[in-house]
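> Compact mmCIF, C-alpha atoms, file work24.txt:
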```txt
# COMPACT_ATOMS: atom_id res chain seq x y z
CA MET A 1 15.85 -4.04 17.04
CA PRO A 2 18.53 -2.85 14.58
CA LEU A 3 18.27 0.75 13.38
CA ARG A 4 19.47 2.52 10.28
CA THR A 5 20.05 6.28 10.22
CA VAL A 6 18.53 8.42 7.46
CA GLY A 7 19.37 12.08 7.82
CA SER A 8 18.52 12.91 11.42
CA ARG A 9 16.00 10.09 11.75
CA LYS A 10 16.48 6.52 12.88
CA VAL A 11 14.37 3.91 11.14
CA ALA A 12 13.70 0.43 12.52
CA ARG A 13 14.76 -2.29 10.13
CA ASP A 14 11.81 -4.46 11.17
CA ALA A 15 9.14 -1.94 12.06
CA VAL A 16 6.44 -4.61 11.68
CA HIS A 17 6.58 -8.28 12.67
CA HIS A 18 3.56 -10.43 11.81
CA PRO A 19 5.03 -13.77 10.66
CA LEU A 20 1.81 -15.80 10.86
CA PHE A 21 -0.21 -13.20 8.98
CA ALA A 22 2.62 -12.81 6.47
CA ARG A 23 2.48 -16.51 5.58
CA TYR A 24 -1.30 -16.38 5.21
CA TYR A 25 -1.17 -13.19 3.14
CA ALA A 26 1.49 -14.57 0.81
CA ARG A 27 -0.67 -17.59 -0.03
CA ALA A 28 -3.95 -15.68 -0.29
CA SER A 29 -2.53 -12.90 -2.45
CA VAL A 30 -1.11 -15.34 -4.99
CA ALA A 31 -4.48 -17.12 -5.20
CA ALA A 32 -6.26 -13.77 -5.67
CA GLU A 33 -4.24 -12.98 -8.80
CA SER A 34 -6.53 -15.15 -10.91
CA ARG A 35 -9.51 -15.95 -8.68
CA MET A 36 -10.30 -12.32 -7.85
CA GLY A 37 -8.77 -10.66 -10.90
CA MET A 38 -6.02 -8.93 -8.95
CA ALA A 39 -3.54 -9.28 -11.81
CA GLY A 40 -5.76 -7.06 -13.95
CA VAL A 41 -6.13 -4.55 -11.12
CA ARG A 42 -2.33 -4.36 -10.81
CA ASP A 43 -2.06 -3.67 -14.55
CA ARG A 44 -4.50 -0.77 -14.25
CA LEU A 45 -2.86 0.53 -11.08
CA LEU A 46 0.58 0.83 -12.68
CA ALA A 47 -0.23 1.55 -16.34
CA GLY A 48 1.59 4.55 -17.78
CA LEU A 49 4.07 5.06 -14.96
CA SER A 50 7.59 6.22 -15.79
CA GLY A 51 10.74 7.44 -14.08
CA ARG A 52 11.56 6.79 -10.43
CA VAL A 53 8.87 5.10 -8.34
CA ILE A 54 8.63 4.27 -4.65
CA GLU A 55 6.20 1.56 -3.60
CA ILE A 56 5.20 1.61 0.06
CA GLY A 57 4.18 -1.66 1.67
CA ALA A 58 5.27 -3.86 -1.21
CA GLY A 59 4.24 -7.09 0.52
CA ASN A 60 5.48 -10.13 -1.37
CA GLY A 61 6.20 -8.10 -4.49
CA LEU A 62 3.32 -9.11 -6.75
CA ASN A 63 3.20 -5.63 -8.29
CA PHE A 64 6.75 -5.88 -9.62
CA ALA A 65 5.85 -7.91 -12.72
CA HIS A 66 3.32 -5.28 -13.76
CA TYR A 67 5.54 -2.19 -13.87
CA PRO A 68 5.88 -0.78 -17.41
CA ALA A 69 9.29 -0.64 -19.05
CA ALA A 70 9.35 3.18 -18.84
CA VAL A 71 9.90 2.90 -15.08
CA SER A 72 13.63 3.39 -14.52
CA GLU A 73 13.75 2.37 -10.85
CA VAL A 74 11.46 1.05 -8.12
CA VAL A 75 12.34 1.39 -4.46
CA ALA A 76 10.04 -1.02 -2.61
CA ILE A 77 9.55 -0.45 1.11
CA GLU A 78 8.39 -3.46 3.12
CA PRO A 79 8.57 -3.52 6.93
CA GLU A 80 7.66 -7.18 7.53
CA ARG A 81 10.69 -9.45 7.27
CA SER A 82 9.00 -12.56 5.84
CA LEU A 83 7.18 -10.61 3.16
CA ARG A 84 10.32 -8.63 2.39
CA GLN A 85 12.23 -11.83 1.70
CA LEU A 86 9.52 -12.91 -0.75
CA ALA A 87 9.61 -9.45 -2.34
CA VAL A 88 13.36 -9.79 -2.93
CA GLU A 89 12.69 -13.02 -4.83
CA SER A 90 10.00 -11.26 -6.90
CA ALA A 91 12.39 -8.39 -7.61
CA LEU A 92 14.89 -10.80 -9.17
CA ARG A 93 12.23 -11.78 -11.72
CA SER A 94 11.09 -8.23 -12.46
CA GLY A 95 11.57 -6.61 -15.85
CA VAL A 96 12.50 -3.27 -14.22
CA PRO A 97 15.13 -2.54 -11.54
CA VAL A 98 13.65 -3.05 -8.07
CA ASP A 99 15.44 -2.41 -4.78
CA VAL A 100 13.61 -3.91 -1.78
CA VAL A 101 14.46 -2.19 1.51
CA PRO A 102 13.14 -2.21 5.09
CA GLY A 103 11.36 0.79 6.49
CA ALA A 104 8.13 2.14 7.92
CA ALA A 105 5.58 4.23 6.02
CA GLU A 106 5.75 6.84 8.77
CA ALA A 107 9.53 7.35 8.33
CA LEU A 108 10.56 6.51 4.78
CA PRO A 109 14.34 5.96 4.45
CA VAL A 110 14.71 8.03 1.25
CA LYS A 111 15.42 11.63 0.23
CA SER A 112 12.77 14.30 -0.18
CA GLU A 113 11.19 15.04 -3.58
CA ALA A 114 13.16 12.19 -5.16
CA TYR A 115 10.35 10.27 -6.89
CA ASP A 116 8.05 10.79 -9.84
CA ALA A 117 5.35 8.50 -8.42
CA VAL A 118 4.34 6.74 -5.23
CA VAL A 119 2.43 3.46 -5.28
CA LEU A 120 0.10 2.56 -2.41
CA SER A 121 -1.40 -0.90 -2.75
CA LEU A 122 -3.46 -2.30 0.14
CA VAL A 123 -1.26 -0.53 2.68
CA LEU A 124 -3.19 2.43 4.16
CA CYS A 125 -5.45 -0.02 5.99
CA SER A 126 -2.57 -1.20 8.15
CA VAL A 127 -0.25 1.77 8.75
CA ARG A 128 -0.26 2.90 12.36
CA ASP A 129 -0.51 6.64 11.64
CA VAL A 130 -2.20 7.46 8.32
CA PRO A 131 -1.66 11.28 8.38
CA ARG A 132 2.02 10.85 9.21
CA ALA A 133 2.47 8.20 6.52
CA LEU A 134 0.83 10.39 3.90
CA GLY A 135 2.96 13.30 5.07
CA GLU A 136 5.96 11.14 4.22
CA VAL A 137 4.44 10.32 0.82
CA ARG A 138 4.13 14.06 0.15
CA ARG A 139 7.72 14.62 1.30
CA VAL A 140 9.32 12.07 -1.02
CA LEU A 141 7.17 12.88 -4.06
CA ARG A 142 8.28 15.66 -6.37
CA PRO A 143 5.85 18.56 -6.90
CA GLY A 144 3.43 17.53 -9.63
CA GLY A 145 4.17 13.85 -9.00
CA GLN A 146 1.41 11.31 -8.72
CA VAL A 147 0.17 8.78 -6.21
CA ARG A 148 -1.30 5.58 -7.63
CA PHE A 149 -3.50 3.83 -5.10
CA PHE A 150 -5.53 0.66 -4.73
CA GLU A 151 -7.01 0.35 -1.26
CA HIS A 152 -9.91 -1.26 0.53
CA GLY A 153 -11.92 0.59 3.15
CA ARG A 154 -15.24 1.98 4.24
CA GLY A 155 -18.19 0.88 2.15
CA GLY A 156 -21.63 -0.64 1.97
CA GLY A 157 -24.72 0.44 3.88
CA GLY A 158 -25.25 1.26 7.53
CA MET A 159 -25.09 -2.32 8.76
CA MET A 160 -21.80 -2.93 6.93
CA HIS A 161 -20.35 0.26 8.41
CA LEU A 162 -21.31 -0.93 11.90
CA THR A 163 -19.73 -4.31 11.20
CA GLN A 164 -16.50 -2.75 9.93
CA ARG A 165 -16.22 -0.44 12.95
CA ALA A 166 -16.95 -3.28 15.39
CA LEU A 167 -14.30 -5.50 13.81
CA ASP A 168 -11.77 -2.64 13.84
CA ARG A 169 -12.30 -2.19 17.59
CA THR A 170 -11.92 -5.88 18.38
CA VAL A 171 -10.30 -8.83 16.62
CA TRP A 172 -9.65 -7.76 13.04
CA PRO A 173 -6.40 -5.79 13.44
CA LEU A 174 -5.00 -8.44 15.80
CA LEU A 175 -5.65 -11.26 13.34
CA ASN A 176 -4.76 -9.42 10.15
CA GLY A 177 -1.46 -7.66 10.63
CA GLY A 178 -2.89 -4.36 11.89
CA CYS A 179 -5.42 -4.04 9.06
CA HIS A 180 -8.44 -1.74 9.57
CA LEU A 181 -11.65 -2.01 7.59
CA HIS A 182 -13.37 1.35 8.07
CA ARG A 183 -10.74 3.82 6.85
CA ASP A 184 -11.45 6.14 3.92
CA PRO A 185 -8.34 6.31 1.69
CA VAL A 186 -9.63 9.01 -0.67
CA ALA A 187 -10.56 11.33 2.21
CA ALA A 188 -7.20 10.64 3.86
CA LEU A 189 -5.32 11.62 0.69
CA ARG A 190 -7.38 14.78 0.34
CA ASP A 191 -6.79 15.71 3.98
CA ALA A 192 -3.04 15.22 3.45
CA GLY A 193 -3.03 17.88 0.72
CA PHE A 194 -3.21 15.72 -2.39
CA GLU A 195 -5.53 16.46 -5.27
CA PRO A 196 -7.56 13.32 -6.05
CA GLY A 197 -7.64 12.62 -9.76
CA PRO A 198 -9.80 10.03 -11.47
CA TYR A 199 -10.69 7.09 -9.30
CA ARG A 200 -13.27 4.34 -9.33
CA ARG A 201 -14.82 2.23 -6.65
CA LEU A 202 -14.95 -1.51 -7.20
CA LEU A 203 -15.88 -4.66 -5.36
CA MET A 204 -13.45 -7.49 -4.68
CA PRO A 205 -14.57 -10.06 -5.51
CA GLU A 206 -16.83 -8.54 -8.13
CA LYS A 207 -19.45 -11.27 -7.68
CA GLY A 208 -20.61 -13.14 -4.62
CA PRO A 209 -21.39 -12.06 -1.06
CA ARG A 210 -20.20 -8.66 0.13
CA MET A 211 -17.49 -8.97 2.77
CA PRO A 212 -16.11 -6.22 5.06
CA THR A 213 -12.99 -6.20 2.83
CA SER A 214 -14.89 -6.01 -0.47
CA PHE A 215 -15.11 -2.22 -0.85
CA CYS A 216 -12.10 -0.98 -2.81
CA VAL A 217 -10.99 2.13 -4.66
CA LEU A 218 -8.49 2.40 -7.52
CA GLY A 219 -7.17 5.72 -8.72
CA THR A 220 -4.67 8.56 -8.89
CA ALA A 221 -3.89 11.60 -6.76
CA TRP A 222 -1.39 14.40 -7.34
CA ARG A 223 0.98 16.45 -5.24
CA PRO A 224 0.11 20.02 -6.25
CA GLU A 225 2.69 22.19 -7.95
CA PRO A 226 3.94 25.15 -5.82
```
Represent the supplied structure as structure tokens.


Amino acid sequence: MPLRTVGSRKVARDAVHHPLFARYYARASVAAESRMGMAGVRDRLLAGLSGRVIEIGAGNGLNFAHYPAAVSEVVAIEPERSLRQLAVESALRSGVPVDVVPGAAEALPVKSEAYDAVVLSLVLCSVRDVPRALGEVRRVLRPGGQVRFFEHGRGGGGMMHLTQRALDRTVWPLLNGGCHLHRDPVAALRDAGFEPGPYRRLLMPEKGPRMPTSFCVLGTAWRPEP
């Protein structure tokens, strides 16, 4: 696998390879823009951002059209080759400058304290090492910078928790690109030293039966000032 060197670290160009899941995700995510209201969620996720932004796990780039004009640059990290190619196409249609690059969340190929904001959108469920990935988020974010996050995770009552854990231990990650259902993104951010700001829990879809993936959280966290 080709490597690129960043400082003293070597980063795999294709740290993740899930071509079948990538094709499924690309179709499903586009359908969710209107059917599940994801376009509105993306607007709320990114509203008010400015300056330099790094988006981790950009997928097929559906966030790019929702960045406000005050954003001067987006560096979009996507480890899966098929999704990265789609993200490049989305970047060409974006109203703000977007540079799509390969890389893993656990070893971001960028300089420390270089960004005003980090965007995490449905990515913490699938990273291999959440504490290490969030350590990298803290490294690249300037003091006082913010994390915008929209993630799914642990939710529902006792039976749903049992279902999520059982799926995580068996078929779900294998079939869904390493995704896990029972992680707690807010707790993970807090444990990594971020200060959670306002956030709200929501269901996706808002109506209909509750699925193991339905329990989402949308909000902001901050890297504390020294």

> Counting all atoms listed in the file, what is within 9 Å of segment 58-74 of chain A, bar same-chain residues fewer than 6 positions away, as a ChimeraX atom specification?

/A:22,25-26,29-30,33,39,42-43,45-52,80,82-91,93-100,119-123

> Pick out the closest residue to Gly135 of chain A from this set: A:Phe21, A:Trp222, A:Phe194, A:Tyr199. Count only C-alpha atoms.

A:Phe194

> Quick one: of A:Gly157, A:Gly40, A:Pro226, A:Pro131, who's nearest to Ala187 of chain A, counting all atoms listed in the file?

A:Pro131

> Identify, on the basis of only C-alpha atoms, every residue whose closest approach to Val140 of chain A does not exceed 7 Å; exclude the query and any residue fewer than 3 positions from it along the same chain; express the result as a list in words.

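The contact residues come out as Lys111, Ser112, Glu113, Ala114, Tyr115, Glu136 and Val137 of chain A.
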
> At what distance in Å, to one decimal, does atom CA of Phe215 of chain A lie from atom CA of Leu203 of chain A?

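These atoms are spaced 5.2 Å apart.
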
> Smallest atom-to-atom distance to Ser214 of chain A: which of A:Leu174, A:Leu20, A:Leu202, A:Ala107, using only C-alpha atoms?

A:Leu202

> Using all atoms listed in the file, determine which residues lie at most 7 Å from Met36 of chain A, disregarding the query and same-chain residues fewer than 4 positions distant; provide the list as a list in words.

Ala32, Met204 and Pro205 of chain A

> Residues near Val147 of chain A, anyone? I mean within 10 Å using only C-alpha atoms, not counting same-chain ones fewer than 6 positions away, as a compact mmCIF listing (two decimals) with C-alpha atoms, keeping the file's coordinate frame.


```
# COMPACT_ATOMS: atom_id res chain seq x y z
CA VAL A 53 8.87 5.10 -8.34
CA ILE A 54 8.63 4.27 -4.65
CA GLU A 55 6.20 1.56 -3.60
CA ASP A 116 8.05 10.79 -9.84
CA ALA A 117 5.35 8.50 -8.42
CA VAL A 118 4.34 6.74 -5.23
CA VAL A 119 2.43 3.46 -5.28
CA LEU A 120 0.10 2.56 -2.41
CA VAL A 137 4.44 10.32 0.82
CA ARG A 138 4.13 14.06 0.15
CA LEU A 141 7.17 12.88 -4.06
CA LEU A 189 -5.32 11.62 0.69
CA PHE A 194 -3.21 15.72 -2.39
CA GLU A 195 -5.53 16.46 -5.27
CA PRO A 196 -7.56 13.32 -6.05
CA GLY A 197 -7.64 12.62 -9.76
CA GLY A 219 -7.17 5.72 -8.72
CA THR A 220 -4.67 8.56 -8.89
CA ALA A 221 -3.89 11.60 -6.76
CA TRP A 222 -1.39 14.40 -7.34
CA ARG A 223 0.98 16.45 -5.24
```

> Taking only C-alpha atoms into account, which of A:Gly57, A:Gly155, A:Pro143, A:Pro209 comes nearest Leu108 of chain A?

A:Gly57

> Please measure the separation of atom CA of Ala133 of chain A and atom CA of Arg201 of chain A, giving the value in Å to one decimal.

22.5 Å

> Can you pull out the residues contacting Leu134 of chain A? Cut-off 10 Å, using all atoms listed in the file, and skip same-chain residues under 4 positions away; I want them as a PDB file with C-alpha atoms, in the frame of the given file.


```pdb
ATOM      1  CA  ALA A 105       5.580   4.230   6.020  1.00  0.00           C
ATOM      2  CA  GLU A 106       5.750   6.840   8.770  1.00  0.00           C
ATOM      3  CA  LEU A 124      -3.190   2.430   4.160  1.00  0.00           C
ATOM      4  CA  VAL A 127      -0.250   1.770   8.750  1.00  0.00           C
ATOM      5  CA  ASP A 129      -0.510   6.640  11.640  1.00  0.00           C
ATOM      6  CA  VAL A 130      -2.200   7.460   8.320  1.00  0.00           C
ATOM      7  CA  ARG A 138       4.130  14.060   0.150  1.00  0.00           C
ATOM      8  CA  ARG A 139       7.720  14.620   1.300  1.00  0.00           C
ATOM      9  CA  VAL A 140       9.320  12.070  -1.020  1.00  0.00           C
ATOM     10  CA  ALA A 188      -7.200  10.640   3.860  1.00  0.00           C
ATOM     11  CA  LEU A 189      -5.320  11.620   0.690  1.00  0.00           C
ATOM     12  CA  ARG A 190      -7.380  14.780   0.340  1.00  0.00           C
ATOM     13  CA  ASP A 191      -6.790  15.710   3.980  1.00  0.00           C
ATOM     14  CA  ALA A 192      -3.040  15.220   3.450  1.00  0.00           C
ATOM     15  CA  GLY A 193      -3.030  17.880   0.720  1.00  0.00           C
ATOM     16  CA  PHE A 194      -3.210  15.720  -2.390  1.00  0.00           C
TER      17      PHE A 194
END
```

> I'd like the interatomic distance between atom CA of Val171 of chain A and atom CA of Arg23 of chain A, to a tenth of an Å.

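A separation of 18.6 Å between them.
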
> May I have the centre and edge lengths, in Å to one decimal, of an axis-aligned box around the listed atoms of segment 159-166 of chain A with 4 Å added to every side, as JSON?


```
{"center_x": -20.7, "center_y": -2.0, "center_z": 11.2, "size_x": 16.9, "size_y": 12.6, "size_z": 16.5}
```

> Compare A:Met160, A:Val41, A:Ala104, A:Leu167 by their minimum atom-to-atom distance to Arg200 of chain A, counting all atoms listed in the file, and give me the closest one.

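The answer is A:Val41, which sits nearest to Arg200 of chain A.
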